[in-house]
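See below for query.pdb, which holds PDB, C-alpha atoms.
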```pdb
ATOM      1  CA  MET A1037      77.531 -64.991  60.644  1.00  0.00           C
ATOM      2  CA  ARG A1038      78.295 -62.789  63.564  1.00  0.00           C
ATOM      3  CA  THR A1039      76.266 -61.007  66.162  1.00  0.00           C
ATOM      4  CA  VAL A1040      75.912 -57.251  65.808  1.00  0.00           C
ATOM      5  CA  GLU A1041      75.994 -55.495  69.191  1.00  0.00           C
ATOM      6  CA  VAL A1042      74.054 -52.212  69.306  1.00  0.00           C
ATOM      7  CA  THR A1043      73.377 -49.695  72.064  1.00  0.00           C
ATOM      8  CA  ALA A1044      70.066 -47.872  71.748  1.00  0.00           C
ATOM      9  CA  PRO A1045      69.846 -44.152  72.633  1.00  0.00           C
ATOM     10  CA  GLY A1046      68.078 -45.134  75.880  1.00  0.00           C
ATOM     11  CA  GLY A1047      71.151 -47.156  76.957  1.00  0.00           C
ATOM     12  CA  THR A1048      69.698 -50.615  76.272  1.00  0.00           C
ATOM     13  CA  ARG A1049      72.171 -53.031  74.699  1.00  0.00           C
ATOM     14  CA  TRP A1050      70.837 -55.193  71.869  1.00  0.00           C
ATOM     15  CA  SER A1051      72.383 -58.142  70.065  1.00  0.00           C
ATOM     16  CA  VAL A1052      71.083 -58.831  66.567  1.00  0.00           C
ATOM     17  CA  ARG A1053      71.973 -62.068  64.812  1.00  0.00           C
ATOM     18  CA  VAL A1054      70.862 -64.613  62.259  1.00  0.00           C
ATOM     19  CA  VAL A1055      69.902 -67.769  64.127  1.00  0.00           C
ATOM     20  CA  TRP A1056      71.550 -70.982  62.963  1.00  0.00           C
ATOM     21  CA  GLU A1057      70.203 -73.534  65.399  1.00  0.00           C
ATOM     22  CA  PRO A1058      67.001 -75.443  64.642  1.00  0.00           C
ATOM     23  CA  ARG A1059      63.778 -75.179  66.574  1.00  0.00           C
ATOM     24  CA  TRP A1060      64.446 -77.816  69.238  1.00  0.00           C
ATOM     25  CA  ARG A1061      61.028 -77.582  70.885  1.00  0.00           C
ATOM     26  CA  VAL A1062      59.356 -78.595  67.646  1.00  0.00           C
ATOM     27  CA  LEU A1063      61.762 -81.494  67.207  1.00  0.00           C
ATOM     28  CA  ALA A1064      61.329 -82.642  70.804  1.00  0.00           C
ATOM     29  CA  ARG A1065      57.556 -82.612  70.456  1.00  0.00           C
ATOM     30  CA  ARG A1066      57.639 -84.419  67.134  1.00  0.00           C
ATOM     31  CA  PHE A1067      60.229 -86.979  68.169  1.00  0.00           C
ATOM     32  CA  GLY A1068      59.452 -87.061  71.878  1.00  0.00           C
ATOM     33  CA  GLY A1069      61.078 -90.434  72.535  1.00  0.00           C
ATOM     34  CA  TRP A1070      64.532 -89.568  71.259  1.00  0.00           C
ATOM     35  CA  ARG A1071      65.981 -89.514  74.754  1.00  0.00           C
ATOM     36  CA  ALA A1072      66.973 -92.857  76.185  1.00  0.00           C
ATOM     37  CA  GLN A1073      64.972 -93.952  79.179  1.00  0.00           C
ATOM     38  CA  ARG A1074      66.968 -95.490  82.010  1.00  0.00           C
ATOM     39  CA  ARG A1075      66.087 -99.059  82.845  1.00  0.00           C
ATOM     40  CA  LYS A1076      65.547 -99.802  86.507  1.00  0.00           C
ATOM     41  CA  ASP A1077      64.889-103.527  86.272  1.00  0.00           C
ATOM     42  CA  VAL A1078      68.571-104.546  86.379  1.00  0.00           C
ATOM     43  CA  GLY A1079      70.059-104.973  89.812  1.00  0.00           C
ATOM     44  CA  PRO A1080      73.728-104.629  90.702  1.00  0.00           C
ATOM     45  CA  GLY A1081      74.232-108.390  91.114  1.00  0.00           C
ATOM     46  CA  ASP A1082      72.404-109.469  87.965  1.00  0.00           C
ATOM     47  CA  VAL A1083      75.366-109.093  85.661  1.00  0.00           C
ATOM     48  CA  LEU A1084      77.956-110.875  87.793  1.00  0.00           C
ATOM     49  CA  GLY A1085      75.785-113.601  89.324  1.00  0.00           C
ATOM     50  CA  GLY A1086      75.872-117.237  88.173  1.00  0.00           C
ATOM     51  CA  GLY A1087      79.379-117.331  86.735  1.00  0.00           C
ATOM     52  CA  ALA A1088      81.105-120.567  85.779  1.00  0.00           C
ATOM     53  CA  GLU A1089      83.459-122.142  88.252  1.00  0.00           C
ATOM     54  CA  ALA A1090      86.940-122.985  87.058  1.00  0.00           C
ATOM     55  CA  SER A1091      89.289-125.488  88.512  1.00  0.00           C
ATOM     56  CA  SER A1092      92.875-124.411  89.027  1.00  0.00           C
ATOM     57  CA  GLU A1093      94.317-127.829  89.712  1.00  0.00           C
ATOM     58  CA  ILE A1094      97.003-128.982  87.308  1.00  0.00           C
ATOM     59  CA  GLY A1095      97.152-132.479  88.666  1.00  0.00           C
ATOM     60  CA  GLY A1096      99.667-134.502  90.502  1.00  0.00           C
ATOM     61  CA  HIS A1097     102.099-134.655  87.621  1.00  0.00           C
ATOM     62  CA  ARG A1098     105.506-133.115  87.784  1.00  0.00           C
ATOM     63  CA  LEU A1099     105.978-130.400  85.134  1.00  0.00           C
ATOM     64  CA  GLY A1100     109.026-130.647  82.928  1.00  0.00           C
ATOM     65  CA  SER A1101     111.100-127.775  81.543  1.00  0.00           C
ATOM     66  CA  SER A1102     109.459-128.001  78.097  1.00  0.00           C
ATOM     67  CA  ILE A1103     106.001-127.476  79.570  1.00  0.00           C
ATOM     68  CA  SER A1104     107.167-124.502  81.632  1.00  0.00           C
ATOM     69  CA  ASP A1105     108.755-122.934  78.551  1.00  0.00           C
ATOM     70  CA  GLU A1106     105.517-123.397  76.655  1.00  0.00           C
ATOM     71  CA  LEU A1107     103.560-121.836  79.533  1.00  0.00           C
ATOM     72  CA  VAL A1108     105.879-118.804  79.513  1.00  0.00           C
ATOM     73  CA  ILE A1109     105.397-118.400  75.756  1.00  0.00           C
ATOM     74  CA  ILE A1110     101.624-118.786  76.126  1.00  0.00           C
ATOM     75  CA  GLY A1111     101.674-116.190  78.922  1.00  0.00           C
ATOM     76  CA  ILE A1112     103.649-113.741  76.784  1.00  0.00           C
ATOM     77  CA  VAL A1113     101.273-114.253  73.839  1.00  0.00           C
ATOM     78  CA  LEU A1114      98.230-113.776  76.077  1.00  0.00           C
ATOM     79  CA  PHE A1115      99.767-110.629  77.584  1.00  0.00           C
ATOM     80  CA  ALA A1116     100.423-109.264  74.088  1.00  0.00           C
ATOM     81  CA  LEU A1117      96.848-110.028  73.037  1.00  0.00           C
ATOM     82  CA  VAL A1118      95.442-108.350  76.134  1.00  0.00           C
ATOM     83  CA  LEU A1119      97.698-105.328  75.585  1.00  0.00           C
ATOM     84  CA  ALA A1120      96.583-105.100  71.933  1.00  0.00           C
ATOM     85  CA  ALA A1121      92.931-105.359  72.975  1.00  0.00           C
ATOM     86  CA  VAL A1122      93.391-102.648  75.620  1.00  0.00           C
ATOM     87  CA  LEU A1123      95.108-100.330  73.124  1.00  0.00           C
ATOM     88  CA  PHE A1124      92.368-100.935  70.583  1.00  0.00           C
ATOM     89  CA  TRP A1125      89.552-100.430  73.101  1.00  0.00           C
ATOM     90  CA  TRP A1126      90.873 -97.289  74.816  1.00  0.00           C
ATOM     91  CA  VAL A1127      92.907 -95.626  72.049  1.00  0.00           C
ATOM     92  CA  LEU A1128      92.086 -96.714  68.494  1.00  0.00           C
ATOM     93  CA  LEU A1129      88.335 -97.258  68.831  1.00  0.00           C
ATOM     94  CA  PRO A1130      87.673 -93.828  70.398  1.00  0.00           C
ATOM     95  CA  LEU A1131      89.772 -92.172  67.687  1.00  0.00           C
ATOM     96  CA  LEU A1132      87.840 -94.006  64.977  1.00  0.00           C
ATOM     97  CA  LEU A1133      84.542 -93.048  66.593  1.00  0.00           C
ATOM     98  CA  ILE A1134      85.581 -89.388  66.807  1.00  0.00           C
ATOM     99  CA  ILE A1135      86.501 -89.410  63.109  1.00  0.00           C
ATOM    100  CA  VAL A1136      83.221 -91.101  62.139  1.00  0.00           C
ATOM    101  CA  ASP A1137      81.274 -88.683  64.349  1.00  0.00           C
ATOM    102  CA  ALA A1138      82.987 -85.674  62.755  1.00  0.00           C
ATOM    103  CA  LEU A1139      82.224 -87.013  59.273  1.00  0.00           C
ATOM    104  CA  ILE A1140      78.565 -87.524  60.169  1.00  0.00           C
ATOM    105  CA  VAL A1141      78.326 -83.985  61.559  1.00  0.00           C
ATOM    106  CA  LEU A1142      79.919 -82.523  58.411  1.00  0.00           C
ATOM    107  CA  ILE A1143      77.610 -84.525  56.145  1.00  0.00           C
ATOM    108  CA  LEU A1144      74.533 -83.483  58.136  1.00  0.00           C
ATOM    109  CA  LEU A1145      75.657 -79.858  58.067  1.00  0.00           C
ATOM    110  CA  ALA A1146      76.094 -79.933  54.284  1.00  0.00           C
ATOM    111  CA  VAL A1147      72.742 -81.664  53.772  1.00  0.00           C
ATOM    112  CA  SER A1148      70.885 -79.306  56.115  1.00  0.00           C
ATOM    113  CA  LEU A1149      72.336 -76.168  54.530  1.00  0.00           C
ATOM    114  CA  THR A1150      71.562 -77.497  51.058  1.00  0.00           C
ATOM    115  CA  ALA A1151      68.009 -78.380  52.103  1.00  0.00           C
ATOM    116  CA  ARG A1152      67.506 -74.965  53.705  1.00  0.00           C
ATOM    117  CA  VAL A1153      68.602 -73.241  50.492  1.00  0.00           C
ATOM    118  CA  LEU A1154      66.700 -75.536  48.107  1.00  0.00           C
ATOM    119  CA  PHE A1155      63.435 -75.558  50.079  1.00  0.00           C
ATOM    120  CA  ARG A1156      63.731 -71.804  50.809  1.00  0.00           C
ATOM    121  CA  ARG A1157      63.175 -72.210  54.522  1.00  0.00           C
ATOM    122  CA  PRO A1158      63.360 -68.792  56.149  1.00  0.00           C
ATOM    123  CA  TRP A1159      66.241 -67.753  58.359  1.00  0.00           C
ATOM    124  CA  ILE A1160      65.382 -66.213  61.711  1.00  0.00           C
ATOM    125  CA  VAL A1161      66.838 -62.797  62.550  1.00  0.00           C
ATOM    126  CA  ARG A1162      66.689 -62.357  66.322  1.00  0.00           C
ATOM    127  CA  ALA A1163      67.134 -59.095  68.193  1.00  0.00           C
ATOM    128  CA  ALA A1164      67.597 -59.628  71.943  1.00  0.00           C
ATOM    129  CA  ALA A1165      67.978 -56.911  74.558  1.00  0.00           C
ATOM    130  CA  THR A1166      69.787 -57.246  77.853  1.00  0.00           C
ATOM    131  CA  THR A1167      66.428 -56.533  79.509  1.00  0.00           C
ATOM    132  CA  GLY A1168      65.039 -59.812  78.142  1.00  0.00           C
ATOM    133  CA  GLU A1169      62.986 -58.387  75.271  1.00  0.00           C
ATOM    134  CA  THR A1170      63.366 -60.380  72.048  1.00  0.00           C
ATOM    135  CA  THR A1171      61.996 -59.971  68.544  1.00  0.00           C
ATOM    136  CA  GLU A1172      62.284 -62.470  65.729  1.00  0.00           C
ATOM    137  CA  VAL A1173      61.789 -61.900  62.015  1.00  0.00           C
ATOM    138  CA  GLU A1174      61.739 -64.661  59.396  1.00  0.00           C
ATOM    139  CA  VAL A1175      63.577 -63.805  56.175  1.00  0.00           C
ATOM    140  CA  VAL A1176      63.965 -65.992  53.095  1.00  0.00           C
ATOM    141  CA  GLY A1177      67.532 -66.061  51.772  1.00  0.00           C
ATOM    142  CA  TRP A1178      70.864 -65.793  53.537  1.00  0.00           C
ATOM    143  CA  ARG A1179      71.924 -62.452  52.059  1.00  0.00           C
ATOM    144  CA  ALA A1180      68.482 -60.985  52.704  1.00  0.00           C
ATOM    145  CA  ALA A1181      68.749 -62.164  56.329  1.00  0.00           C
ATOM    146  CA  LEU A1182      72.127 -60.432  56.687  1.00  0.00           C
ATOM    147  CA  ARG A1183      70.688 -57.233  55.198  1.00  0.00           C
ATOM    148  CA  ARG A1184      67.701 -57.447  57.565  1.00  0.00           C
ATOM    149  CA  ARG A1185      70.066 -57.971  60.509  1.00  0.00           C
ATOM    150  CA  ASP A1186      71.958 -54.820  59.565  1.00  0.00           C
ATOM    151  CA  ALA A1187      68.691 -52.888  59.054  1.00  0.00           C
ATOM    152  CA  ILE A1188      67.414 -53.925  62.482  1.00  0.00           C
ATOM    153  CA  ALA A1189      70.731 -52.941  64.057  1.00  0.00           C
ATOM    154  CA  ASP A1190      70.606 -49.516  62.352  1.00  0.00           C
ATOM    155  CA  SER A1191      67.008 -48.922  63.442  1.00  0.00           C
ATOM    156  CA  LEU A1192      67.881 -49.836  67.034  1.00  0.00           C
ATOM    157  CA  ARG A1193      70.906 -47.522  66.899  1.00  0.00           C
ATOM    158  CA  HIS A1194      68.571 -44.667  65.900  1.00  0.00           C
ATOM    159  CA  GLY A1195      66.075 -45.457  68.680  1.00  0.00           C
ATOM    160  CA  LEU A1196      63.381 -47.227  66.648  1.00  0.00           C
ATOM    161  CA  SER A1197      61.577 -50.363  67.832  1.00  0.00           C
ATOM    162  CA  PRO A1198      62.846 -53.706  66.469  1.00  0.00           C
ATOM    163  CA  ALA A1199      59.282 -54.820  65.616  1.00  0.00           C
ATOM    164  CA  PRO A1200      58.882 -56.172  62.075  1.00  0.00           C
ATOM    165  CA  GLU A1201      56.172 -53.595  61.276  1.00  0.00           C
ATOM    166  CA  VAL A1202      58.517 -50.662  61.971  1.00  0.00           C
ATOM    167  CA  ILE A1203      61.403 -52.048  59.922  1.00  0.00           C
ATOM    168  CA  GLY A1204      60.731 -52.036  56.186  1.00  0.00           C
ATOM    169  CA  ARG A1205      60.966 -55.239  54.240  1.00  0.00           C
TER     170      ARG A1205
END
```
Written as structure tokens, that's how I'd like the structure from this file.
Amino acid sequence: MRTVEVTAPGGTRWSVRVVWEPRWRVLARRFGGWRAQRRKDVGPGDVLGGGAEASSEIGGHRLGSSISDELVIIGIVLFALVLAAVLFWWVLLPLLLIIVDALIVLILLAVSLTARVLFRRPWIVRAAATTGETTEVEVVGWRAALRRRDAIADSLRHGLSPAPEVIGR
């Protein structure tokens, strides 16, 4: 829940907390290829090269007023379509993706917490000093982890070592 800050009698500041984040090193080793590799075989001119050539000649015919009116209407319709596409691409699509991303994160959070409780995976209680010394204790159960966090904080406050052997189970 929250980090408990403790100052030992020797003046060392400790922070004791229950760790929420997963073990990323284990995941990175197991799924080592999860990062996208950059491709270097595409040059800067490969995408734009070889485009089709378009002719802009209308012909030698004189345009009447009905054709110019139709061209204005076609231009307005095309402008409206481009404006709608731009609004969709830069406003609506990012909003939809943010909503979908938030839903996926909430679903994964609910599934991971449920799996942690059902499979009784231990929580890690970590005590870290400002000097760089850290101690971790694995505790099964959320309430037991909170009690262990408080016990470690009390033992540090009284000058005891945060080692798991010193702190009773």
* Answer key for the PyMOL selection byres ((chain A and resi 1163-1171) around 7), residues as a PyMOL selection string -> chain A and resi 1048-1053+1161-1162+1172-1173+1198-1199
* Would you kindly translate the PyMOL selection byres ((chain A and resi 1174) around 6) into the concrete residues it picks from this file, as a VMD selection string? => chain A and resid 1158 to 1160 1173 1175
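Nearest to Ala1180 (chain A) of all the residues A:Val1054, A:Leu1196, A:Ala1044, A:Phe1124 is A:Val1054, counting only C-alpha atoms.
Straight-line separation from CA of Leu1131 (chain A) to CA of Leu1119 (chain A): 17.3 Å.
For the structure in this document, the set picked by the PyMOL selection byres ((chain A and resi 1157) around 12) is A:Trp1056, A:Pro1058, A:Ser1148, A:Leu1149, A:Thr1150, A:Ala1151, A:Arg1152, A:Val1153, A:Leu1154, A:Phe1155, A:Arg1156, A:Pro1158, A:Trp1159, A:Ile1160, A:Glu1174, A:Val1175, A:Val1176, A:Gly1177, A:Trp1178, A:Ala1181.
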